[in-house]
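As provided, query06.cif (mmCIF, C-alpha atoms and all ligand atoms) reads as follows.
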```
data_coords
loop_
_atom_site.label_atom_id
_atom_site.label_comp_id
_atom_site.auth_asym_id
_atom_site.auth_seq_id
_atom_site.Cartn_x
_atom_site.Cartn_y
_atom_site.Cartn_z
CA MET A 1 137.61 145.91 110.78
CA ARG A 2 134.76 147.72 112.49
CA HIS A 3 133.54 147.44 116.03
CA GLU A 4 130.14 146.48 117.31
CA ALA A 5 128.30 149.19 119.20
CA ALA A 6 126.38 146.95 121.61
CA PHE A 7 128.97 146.96 124.38
CA GLU A 8 130.37 150.39 123.85
CA ASP A 9 128.14 152.33 126.30
CA ASP A 10 129.58 150.50 129.25
CA HIS A 11 132.94 149.55 127.96
CA GLY A 12 134.33 152.39 125.94
CA GLU A 13 134.69 153.25 122.30
CA PRO A 14 137.28 151.71 120.03
CA GLY A 15 140.41 153.81 120.28
CA ASP A 16 139.76 155.20 123.77
CA GLU A 17 141.78 154.17 126.76
CA THR A 18 139.24 151.82 128.40
CA TRP A 19 138.62 149.96 125.21
CA ASP A 20 142.31 149.61 124.50
CA GLU A 21 142.95 148.32 128.02
CA ARG A 22 140.25 145.67 127.66
CA ARG A 23 141.55 144.67 124.33
CA ARG A 24 145.03 144.29 125.77
CA ALA A 25 143.65 142.20 128.63
CA PHE A 26 142.05 139.92 126.05
CA PHE A 27 145.27 139.12 124.39
CA SER A 28 147.60 139.53 127.33
CA SER A 29 148.52 135.89 127.49
CA ARG A 30 149.41 133.91 124.42
CA GLY A 31 146.93 131.17 123.69
CA THR A 32 144.26 132.14 126.17
CA VAL A 33 142.17 128.98 126.23
CA LYS A 34 139.74 129.48 129.05
CA PRO A 35 139.10 133.14 129.85
CA SER A 36 136.84 133.69 132.83
CA PRO A 37 133.15 134.16 131.97
CA ASP A 38 133.45 137.54 133.69
CA LEU A 39 136.07 138.65 131.21
CA LEU A 40 134.06 137.23 128.33
CA GLY A 41 131.09 139.36 129.31
CA HIS A 42 133.06 142.56 129.68
CA VAL A 43 135.00 142.98 126.54
CA ALA A 44 133.76 144.82 123.51
CA ARG A 45 133.54 142.57 120.53
CA LEU A 46 135.40 143.10 117.35
CA VAL A 47 133.15 142.49 114.43
CA ALA A 48 134.51 141.12 111.23
CA GLU A 49 134.41 142.74 107.90
CA SER A 50 131.58 141.05 106.16
CA ARG A 51 133.55 138.16 104.66
CA ASN A 52 135.68 136.59 107.33
CA ASP A 53 133.65 133.47 107.94
CA CYS A 54 134.61 129.84 107.46
CA LEU A 55 132.53 126.89 106.49
CA ILE A 56 133.85 123.52 107.62
CA LEU A 57 132.58 120.48 105.72
CA GLY A 58 133.23 116.78 105.62
CA PRO A 59 131.48 113.48 106.19
CA SER A 60 130.38 112.46 109.67
CA GLY A 61 133.41 111.34 111.65
CA ALA A 62 135.90 113.37 109.60
CA GLY A 63 136.99 115.23 112.73
CA LYS A 64 135.49 118.68 112.06
CA THR A 65 134.27 119.37 115.58
CA ALA A 66 137.37 117.89 117.22
CA LEU A 67 139.47 120.20 115.05
CA LEU A 68 137.48 123.24 116.15
CA SER A 69 137.70 122.18 119.78
CA SER A 70 141.50 122.24 119.55
CA LEU A 71 141.86 125.75 118.09
CA GLY A 72 142.47 127.44 121.45
CA GLN A 73 145.07 124.93 122.55
CA ALA A 74 146.73 125.11 119.13
CA CYS A 75 147.27 128.84 119.65
CA ALA A 76 148.97 128.15 122.96
CA VAL A 77 151.66 126.18 121.13
CA ALA A 78 154.63 128.29 120.04
CA GLY A 79 155.06 128.92 116.34
CA SER A 80 156.50 131.34 113.81
CA THR A 81 153.68 133.89 114.12
CA GLU A 82 152.35 134.74 117.57
CA LEU A 83 148.70 133.68 117.83
CA ALA A 84 146.23 134.38 120.61
CA LEU A 85 142.65 133.20 120.58
CA LEU A 86 139.69 134.33 122.58
CA PRO A 87 136.75 131.96 122.14
CA HIS A 88 133.19 133.17 122.42
CA GLU A 89 130.85 131.13 124.58
CA ASP A 90 130.07 128.21 122.27
CA LEU A 91 133.69 127.57 121.38
CA ALA A 92 134.76 127.87 125.04
CA ALA A 93 132.11 125.26 125.94
CA LEU A 94 133.29 122.98 123.13
CA ALA A 95 136.92 123.26 124.28
CA GLY A 96 135.72 122.30 127.78
CA GLU A 97 133.93 119.22 126.42
CA ALA A 98 137.06 118.20 124.52
CA GLU A 99 139.16 118.60 127.64
CA ALA A 100 136.80 116.37 129.61
CA TYR A 101 136.86 113.83 126.79
CA ARG A 102 140.65 113.74 126.69
CA HIS A 103 140.67 113.08 130.41
CA GLY A 104 138.23 110.21 129.98
CA ALA A 105 135.30 112.07 131.58
CA GLY A 106 132.72 112.15 128.82
CA ASN A 107 131.81 110.72 125.47
CA TRP A 108 132.59 112.52 122.26
CA GLN A 109 129.34 112.80 120.34
CA PRO A 110 128.67 113.43 116.65
CA THR A 111 127.34 116.94 116.06
CA GLY A 112 123.57 117.07 116.45
CA GLU A 113 122.81 120.50 115.08
CA THR A 114 124.56 123.22 113.16
CA THR A 115 126.45 125.63 115.39
CA THR A 116 128.35 128.78 114.57
CA TYR A 117 131.48 129.15 116.66
CA GLY A 118 132.84 132.66 117.04
CA PHE A 119 136.23 133.71 118.29
CA GLN A 120 138.66 136.56 118.22
CA LEU A 121 142.12 135.99 116.99
CA ARG A 122 145.28 138.00 117.12
CA ALA A 123 147.77 136.89 114.50
CA GLY A 124 150.97 138.88 114.76
CA ALA A 125 149.84 142.51 114.83
CA GLU A 126 146.45 141.85 113.27
CA ASP A 127 143.11 141.23 114.97
CA PHE A 128 140.38 139.13 113.44
CA PHE A 129 136.92 138.04 114.36
CA LEU A 130 136.13 134.70 112.82
CA LYS A 131 133.02 132.59 112.69
CA VAL A 132 133.03 128.94 111.72
CA GLN A 133 129.83 127.07 110.94
CA ASP A 134 129.95 123.38 111.83
CA GLY A 135 127.06 121.00 111.21
CA PRO A 136 126.37 117.26 111.22
CA GLY A 137 128.44 115.78 108.40
CA GLY A 138 125.57 113.47 107.43
CA LEU A 139 123.55 116.49 106.31
CA LEU A 140 125.61 116.97 103.16
CA PHE A 141 127.53 113.67 102.79
CA PRO A 142 126.17 111.79 100.90
CA PHE A 143 124.74 114.76 99.08
CA SER A 144 121.00 114.84 98.60
CA PRO A 145 119.23 117.67 96.76
CA ALA A 146 116.23 117.18 99.07
CA TYR A 147 118.36 117.78 102.19
CA TRP A 148 119.95 120.77 100.56
CA ASP A 149 116.58 122.30 99.72
CA ALA A 150 115.45 121.76 103.30
CA LEU A 151 118.40 123.67 104.80
CA PRO A 152 117.32 126.86 106.54
CA GLU A 153 118.36 130.14 104.93
CA THR A 154 120.63 131.06 107.83
CA GLU A 155 122.64 127.91 107.21
CA LYS A 156 122.84 128.57 103.52
CA HIS A 157 124.26 132.03 104.29
CA ALA A 158 127.40 130.34 105.50
CA TYR A 159 127.94 128.98 102.05
CA ALA A 160 128.92 132.48 101.02
CA ALA A 161 131.70 132.43 103.64
CA ALA A 162 135.21 133.66 102.85
CA CYS A 163 136.91 130.34 103.52
CA LEU A 164 135.98 126.75 102.85
CA VAL A 165 137.57 123.97 104.90
CA LEU A 166 137.15 120.41 103.68
CA CYS A 167 137.94 117.75 106.30
CA ILE A 168 139.02 114.30 105.20
CA ASP A 169 139.77 111.60 107.76
CA ALA A 170 143.22 110.33 106.74
CA THR A 171 142.44 106.97 108.35
CA ASN A 172 139.06 106.56 106.64
CA PRO A 173 139.01 108.96 103.69
CA ARG A 174 135.80 107.72 102.04
CA PRO A 175 136.76 108.53 98.42
CA ASP A 176 133.43 107.35 97.03
CA LEU A 177 131.56 109.77 99.23
CA TRP A 178 133.79 112.64 98.11
CA ARG A 179 133.57 111.64 94.46
CA THR A 180 129.81 111.67 94.49
CA SER A 181 129.12 114.50 96.93
CA LEU A 182 131.75 117.12 96.13
CA PRO A 183 130.68 118.02 92.55
CA PRO A 184 127.02 118.71 93.42
CA LEU A 185 128.10 120.63 96.53
CA LEU A 186 130.48 122.80 94.53
CA ALA A 187 127.71 123.43 92.04
CA ARG A 188 125.48 124.66 94.91
CA PHE A 189 128.22 126.89 96.37
CA ALA A 190 129.16 128.49 93.06
CA ILE A 191 127.92 131.94 92.27
CA SER A 192 127.96 133.87 89.05
CA SER A 193 131.43 135.18 88.34
CA GLY A 194 129.90 138.10 86.49
CA SER A 195 131.31 137.39 83.07
CA LEU A 196 129.23 135.59 80.50
CA ILE A 197 130.67 132.68 78.64
CA PRO A 198 129.17 131.29 75.45
CA ARG A 199 127.56 127.96 76.16
CA LEU A 200 126.59 126.93 72.68
CA THR A 201 129.10 128.07 70.15
CA ALA A 202 127.77 126.15 67.17
CA PRO A 203 125.90 128.24 64.60
CA PRO A 204 122.11 128.18 65.02
CA PRO A 205 120.41 125.29 63.32
CA ALA A 206 119.35 126.06 59.78
CA ARG A 207 115.74 125.16 60.38
CA GLY A 208 113.60 126.14 63.30
CA ALA A 209 114.83 127.22 66.73
CA ASP A 210 114.19 124.21 68.90
CA PHE A 211 117.47 124.68 70.75
CA PRO A 212 118.16 128.41 71.15
CA ARG A 213 121.67 129.79 71.62
CA LEU A 214 122.23 130.49 75.28
CA LEU A 215 124.60 132.55 77.27
CA THR A 216 125.26 131.01 80.67
CA PRO A 217 126.88 132.99 83.45
CA GLY A 218 130.28 131.55 84.36
CA ARG A 219 130.01 130.17 87.85
CA GLN A 220 132.79 130.12 90.40
CA LEU A 221 133.22 129.38 94.06
CA PRO A 222 133.19 132.65 95.98
CA TYR A 223 135.92 131.70 98.44
CA GLN A 224 139.05 133.62 99.14
CA ARG A 225 140.74 130.56 100.65
CA VAL A 226 140.09 126.85 100.39
CA LEU A 227 141.86 124.47 102.74
CA VAL A 228 141.76 120.70 102.42
CA VAL A 229 142.59 119.15 105.78
CA LEU A 230 143.67 115.54 106.22
CA THR A 231 142.70 114.91 109.84
CA GLN A 232 143.59 112.34 112.51
CA ILE A 233 147.20 112.21 111.32
CA ASP A 234 148.25 110.88 114.74
CA SER A 235 146.69 107.49 113.88
CA LEU A 236 148.55 107.43 110.58
CA VAL A 237 151.83 108.34 112.27
CA GLN A 238 151.30 105.67 114.90
CA GLU A 239 150.77 103.08 112.17
CA ALA A 240 153.86 104.30 110.28
CA PHE A 241 155.86 103.99 113.50
CA ARG A 242 154.80 100.40 113.88
CA HIS A 243 156.19 99.64 110.42
CA TYR A 244 159.28 101.75 110.97
CA LYS A 245 160.13 100.07 114.24
CA ALA A 246 159.54 96.58 112.86
CA GLY A 247 161.77 97.42 109.85
CA TYR A 248 164.37 98.92 112.16
CA ARG A 249 164.47 95.78 114.30
CA GLN A 250 164.81 93.61 111.21
CA ALA A 251 167.62 95.75 109.76
CA ARG A 252 169.37 95.47 113.14
CA GLY A 253 170.32 99.13 113.29
CA ARG A 254 171.59 99.37 109.69
CA MET A 255 169.18 102.25 109.06
CA PRO A 256 168.73 105.60 110.78
CA THR A 257 166.89 105.57 114.12
CA PRO A 258 163.18 106.31 113.79
CA PRO A 259 162.38 110.02 113.65
CA SER A 260 160.17 111.68 116.25
CA ALA A 261 156.39 111.66 115.72
CA THR A 262 156.46 115.30 114.62
CA GLU A 263 159.36 114.71 112.22
CA LEU A 264 157.54 111.75 110.76
CA ALA A 265 154.30 113.70 110.37
CA LEU A 266 156.15 116.53 108.63
CA GLN A 267 157.65 114.06 106.19
CA ILE A 268 154.23 113.05 104.90
CA ASP A 269 153.53 114.74 101.56
CA PRO A 270 149.96 116.09 101.94
CA PHE A 271 149.42 116.21 98.16
CA ARG A 272 150.42 112.60 97.68
CA LEU A 273 148.37 111.47 100.65
CA LEU A 274 145.33 113.30 99.32
CA ASP A 275 145.83 111.96 95.82
CA GLU A 276 146.22 108.38 97.04
CA HIS A 277 143.36 108.57 99.50
CA VAL A 278 140.72 110.55 97.66
CA GLY A 279 141.88 111.25 94.11
CA ALA A 280 142.33 114.38 92.08
CA ILE A 281 140.05 116.77 93.92
CA LEU A 282 142.53 119.65 93.92
CA GLY A 283 142.25 120.17 90.18
CA GLN A 284 138.49 120.21 90.59
CA LEU A 285 138.67 122.78 93.39
CA HIS A 286 141.15 124.94 91.50
CA ALA A 287 138.96 124.87 88.40
CA ALA A 288 135.94 125.87 90.48
CA ALA A 289 137.82 128.62 92.35
CA PRO A 290 140.69 129.73 90.08
CA THR A 291 141.43 132.88 92.06
CA ALA A 292 141.21 131.32 95.54
CA ASP A 293 144.24 130.53 97.65
CA LEU A 294 144.14 126.74 97.76
CA ALA A 295 146.18 124.67 100.21
CA VAL A 296 146.35 121.19 101.72
CA THR A 297 147.40 120.31 105.23
CA LEU A 298 147.60 117.61 107.87
CA THR A 299 146.17 117.90 111.36
CA SER A 300 145.76 116.00 114.56
CA ALA A 301 143.29 117.57 116.94
CA TRP A 302 144.24 115.27 119.79
CA GLY A 303 147.97 115.68 119.12
CA LEU A 304 150.80 113.30 118.29
CA ILE A 305 151.96 110.76 120.79
CA GLY A 306 155.32 111.11 122.40
CA THR A 307 155.61 114.84 121.79
CA GLY A 308 156.14 115.32 125.52
CA GLY A 309 155.06 118.23 127.70
CA GLY A 310 151.44 119.36 127.46
CA TRP A 311 148.87 118.36 124.93
CA SER A 312 149.69 119.87 121.58
CA PRO A 313 147.46 119.64 118.49
CA PHE A 314 149.42 119.09 115.29
CA GLY A 315 149.00 121.40 112.29
CA VAL A 316 145.98 123.18 113.74
CA ARG A 317 147.63 126.54 114.45
CA GLU A 318 149.09 126.55 110.93
CA ALA A 319 145.66 125.78 109.45
CA LEU A 320 144.15 128.66 111.41
CA LEU A 321 146.95 131.01 110.38
CA PHE A 322 146.33 130.18 106.73
CA LEU A 323 142.59 130.75 107.05
CA ALA A 324 143.03 134.08 108.82
CA THR A 325 146.00 135.52 106.94
CA GLY A 326 146.85 133.33 103.95
CA GLU A 327 150.29 132.58 105.42
CA CYS A 328 151.51 129.04 104.66
CA CYS A 329 153.79 127.28 107.14
CA GLU A 330 154.52 123.59 107.35
CA PRO A 331 152.46 121.37 107.25
CA VAL A 332 150.21 123.72 105.21
CA VAL A 333 151.28 123.55 101.57
CA ARG A 334 149.87 125.87 98.93
CA TYR A 335 148.60 124.32 95.72
CA ASP A 336 150.31 125.66 92.66
CA PRO A 337 148.81 124.31 89.43
CA ASP A 338 152.01 125.18 87.53
CA ILE A 339 154.35 123.13 89.68
CA THR A 340 154.57 119.43 89.02
CA ALA A 341 155.01 117.02 91.90
CA ASP A 342 158.42 117.18 93.54
CA GLU A 343 159.44 113.69 94.56
CA SER A 344 162.67 114.71 96.27
CA GLY A 345 162.86 115.43 99.96
CA TRP A 346 160.15 112.98 101.04
CA ILE A 347 160.99 109.69 102.66
CA GLU A 348 159.28 106.39 102.15
CA ILE A 349 158.24 104.53 105.28
CA PRO A 350 160.26 101.29 105.14
CA SER A 351 158.13 98.20 105.12
CA PRO A 352 159.06 95.44 107.60
CA ARG A 353 159.86 93.11 104.72
CA SER A 354 162.38 95.39 102.94
N1 LIG B 401 143.02 109.89 116.88
C1 LIG B 401 142.29 110.94 116.55
N2 LIG B 401 140.95 110.87 116.57
C2 LIG B 401 140.25 111.97 116.21
C3 LIG B 401 140.88 113.18 115.83
N3 LIG B 401 139.92 114.07 115.51
C4 LIG B 401 138.74 113.44 115.69
N4 LIG B 401 138.94 112.18 116.11
C5 LIG B 401 137.92 111.19 116.42
O1 LIG B 401 137.10 111.00 115.30
C6 LIG B 401 135.74 110.88 115.69
C7 LIG B 401 134.90 111.91 114.96
O2 LIG B 401 135.31 113.23 115.30
P1 LIG B 401 134.30 114.45 115.19
O3 LIG B 401 135.09 115.70 115.43
O4 LIG B 401 133.11 114.27 116.03
O5 LIG B 401 133.88 114.35 113.66
P2 LIG B 401 132.85 115.30 112.87
O6 LIG B 401 133.43 115.50 111.51
O7 LIG B 401 132.56 116.52 113.66
O8 LIG B 401 131.58 114.36 112.76
P3 LIG B 401 130.00 114.81 112.71
O9 LIG B 401 129.78 115.73 113.84
O10 LIG B 401 129.26 113.53 112.84
O11 LIG B 401 129.80 115.44 111.37
C8 LIG B 401 135.72 111.05 117.21
O12 LIG B 401 135.70 109.78 117.80
C9 LIG B 401 137.02 111.75 117.51
O13 LIG B 401 137.54 111.42 118.79
C10 LIG B 401 142.30 113.22 115.84
O14 LIG B 401 142.95 114.21 115.55
N5 LIG B 401 142.96 112.09 116.22
MG MG B 402 130.89 117.29 114.42
#
```
Produce structure tokens that represent the structure in this file.
Ligand SMILES: Nc1nc2c(ncn2[C@@H]2O[C@H](COP(=O)(O)OP(=O)(O)OP(=O)(O)O)[C@@H](O)[C@H]2O)c(=O)[nH]1
Ligand SMILES: [Mg+2]
Amino acid sequence: MRHEAAFEDDHGEPGDETWDERRRAFFSSRGTVKPSPDLLGHVARLVAESRNDCLILGPSGAGKTALLSSLGQACAVAGSTELALLPHEDLAALAGEAEAYRHGAGNWQPTGETTTYGFQLRAGAEDFFLKVQDGPGGLLFPFSPAYWDALPETEKHAYAAACLVLCIDATNPRPDLWRTSLPPLLARFAISSGSLIPRLTAPPPARGADFPRLLTPGRQLPYQRVLVVLTQIDSLVQEAFRHYKAGYRQARGRMPTPPSATELALQIDPFRLLDEHVGAILGQLHAAAPTADLAVTLTSAWGLIGTGGGWSPFGVREALLFLATGECCEPVVRYDPDITADESGWIEIPSPRS
């Protein structure tokens, strides 16, 4: 990680005492959600190594922006690895809008224009600077080559990010949209993998050369990590609770008491949910990015009901941890193409009629 020079005249060089003090002040409290603007303006910025950026994609309404708005709060929730997040201005403003929305003072709007949200993150002993580009979902879903061609170059730069996050609304997954839009998108994101693979292996035709033998560069997705996120899990859990409670009443206590919302959410198998809701996109992603770390997870930006205490997004801190470090903690589950589905350990939600 290197450090940007812009602030160094006034605020010290990396490694010197002043700089270290400021850096400590940044991360002094776990899960800093709303640092004062004064502090924001006074701290030297850590600049990422060139490939630390994330691209977040999904149809309009998938919950991309809500997810980003909850990152700061997610870091304030305790977890296995200590996380602290310092948002830059745009992300701090977005978190403010989300807070107003949760308190009923404002309307949540679909994203109007592409924005890059920057933030600093401390994960355990490591510091990161991350940028996430978030645009209107309707720009790429449904996919249209004309829209793609019209995208400005700066937006297209993000497609060479280190991480790709695909957001799927678990309550309205829109499989048709994914089926038709994902393949052309992946084709646009792919870059030459460097090795040449023979495209036409048949011997040349005996007569003429109307169809020459070609060598086509193998194309792969350039991402280090790909995360498929099933969002708005709180609505799904609420619905499951309804069934569970109705079944429980009917069984008159002859079954275990309903689990807590978090327990229930953690008992959802993300792979099965994805497969049932959208289809086999993981195989497609793995084929397109065979060396990438690929995982699936569940999130709720607005948090699960009945979890008590303060507002606590579900699965968001784990998603962030995976994107920054590659660490997988529940509910993030890594995709392993060699492991077949494990049916044990997951519970079925009882239906009221059973
Ligand atoms: N219950 C629930 N609703 C959510 C959650 N996340 C997002 N929503 C709702 O889903 C709707 C869409 O969320 P957005 O974050 O704006 O979706 P988006 O993917 O950014 O959509 P575009 O900006 O149009 O591309 C809003 O009404 C949100 O309040 C969640 O975790 N739980
Ligand atoms: Mg949005």
Legend entry - Within 7 Å of ligand MG 402 (chain B) (all atoms listed in the file), residues as a ChimeraX atom specification: /A:60,63-65,110-111,134-137
Inset, instruction - Enter the distance from CA of Val165 (chain A) to CA of Gly58 (chain A), in Å, rounded to one decimal. - result: 8.4 Å
Inset, instruction - Could you tell me which of A:Leu55, A:Leu282, A:Leu304, A:Leu130 comes closest to ligand LIG 401 (chain B) if we count all atoms listed in the file? - result: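 Nearest candidate to ligand LIG 401 (chain B) out of A:Leu55, A:Leu282, A:Leu304, A:Leu130: A:Leu304.
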Legend entry - Point-to-point distance in Å for CA of Gly104 (chain A) and CA of Leu266 (chain A):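 One can read the CA of Leu266 (chain A) to CA of Gly104 (chain A) distance as 28.6 Å.
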Inset, instruction - List all protein, DNA and RNA residues that have any atom at most 9 Å from ligand LIG 401 (chain B), counting only C-alpha atoms and all ligand atoms, and write the list as number ranges by chain. - result: A: 56-69, 98, 101-102, 107-113, 134-139, 167-169, 231-236, 299-304, 313-314
Legend entry - Option closest in space to Pro184 (chain A), from A:Ala125, A:Leu298, A:Ile305, A:Leu140 [counting all atoms listed in the file]: A:Leu140
Legend entry - Å distance separating CA of Ala161 (chain A) from CA of Thr116 (chain A), one decimal place: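 CA of Ala161 (chain A) sits 12.0 Å away from CA of Thr116 (chain A).
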Inset, instruction - Using all atoms listed in the file, collect all residues at a distance of at most 9 Å from (148.0, 137.7, 117.7) as written in the file, then present them as number ranges by chain. - result: A: 27, 30-31, 81-85, 121-128
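For Ala187 (chain A), the set of protein, DNA and RNA residues having any atom at most 10 Å away, when counting all atoms listed in the file and skipping those fewer than 5 positions along the same chain, is A:Leu182, A:Arg219, A:Gln220, A:Leu221, A:Ala288.
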Inset, instruction - Up to 12 Å from (149.6, 129.6, 105.5) in the file's coordinates: name the residues, counting only C-alpha atoms, as a PyMOL selection string. - result: chain A and resi 80-81+123+225-227+293-297+315-335
Inset, instruction - Check the smallest atom-to-atom distance from each of A:Ala246, A:Ile191, A:Cys75, A:Leu274 to Trp178 (chain A) using all atoms listed in the file, then report the winner. - result: A:Leu274
Legend entry - Spatial neighbours of Asp275 (chain A), 12 Å, all atoms listed in the file, chain gap at least 6 places, as a PyMOL selection string: chain A and resi 168+170+173+175+228+230+269+281-283+296+341
If you take every atom of region 160-164 of chain A that the file lists and fit an axis-aligned box around them with 3 Å extra on each side, what centre and edge lengths come out in Å to one decimal, as JSON?
```
{"center_x": 132.9, "center_y": 130.2, "center_z": 102.3, "size_x": 14.0, "size_y": 12.9, "size_z": 8.6}
```
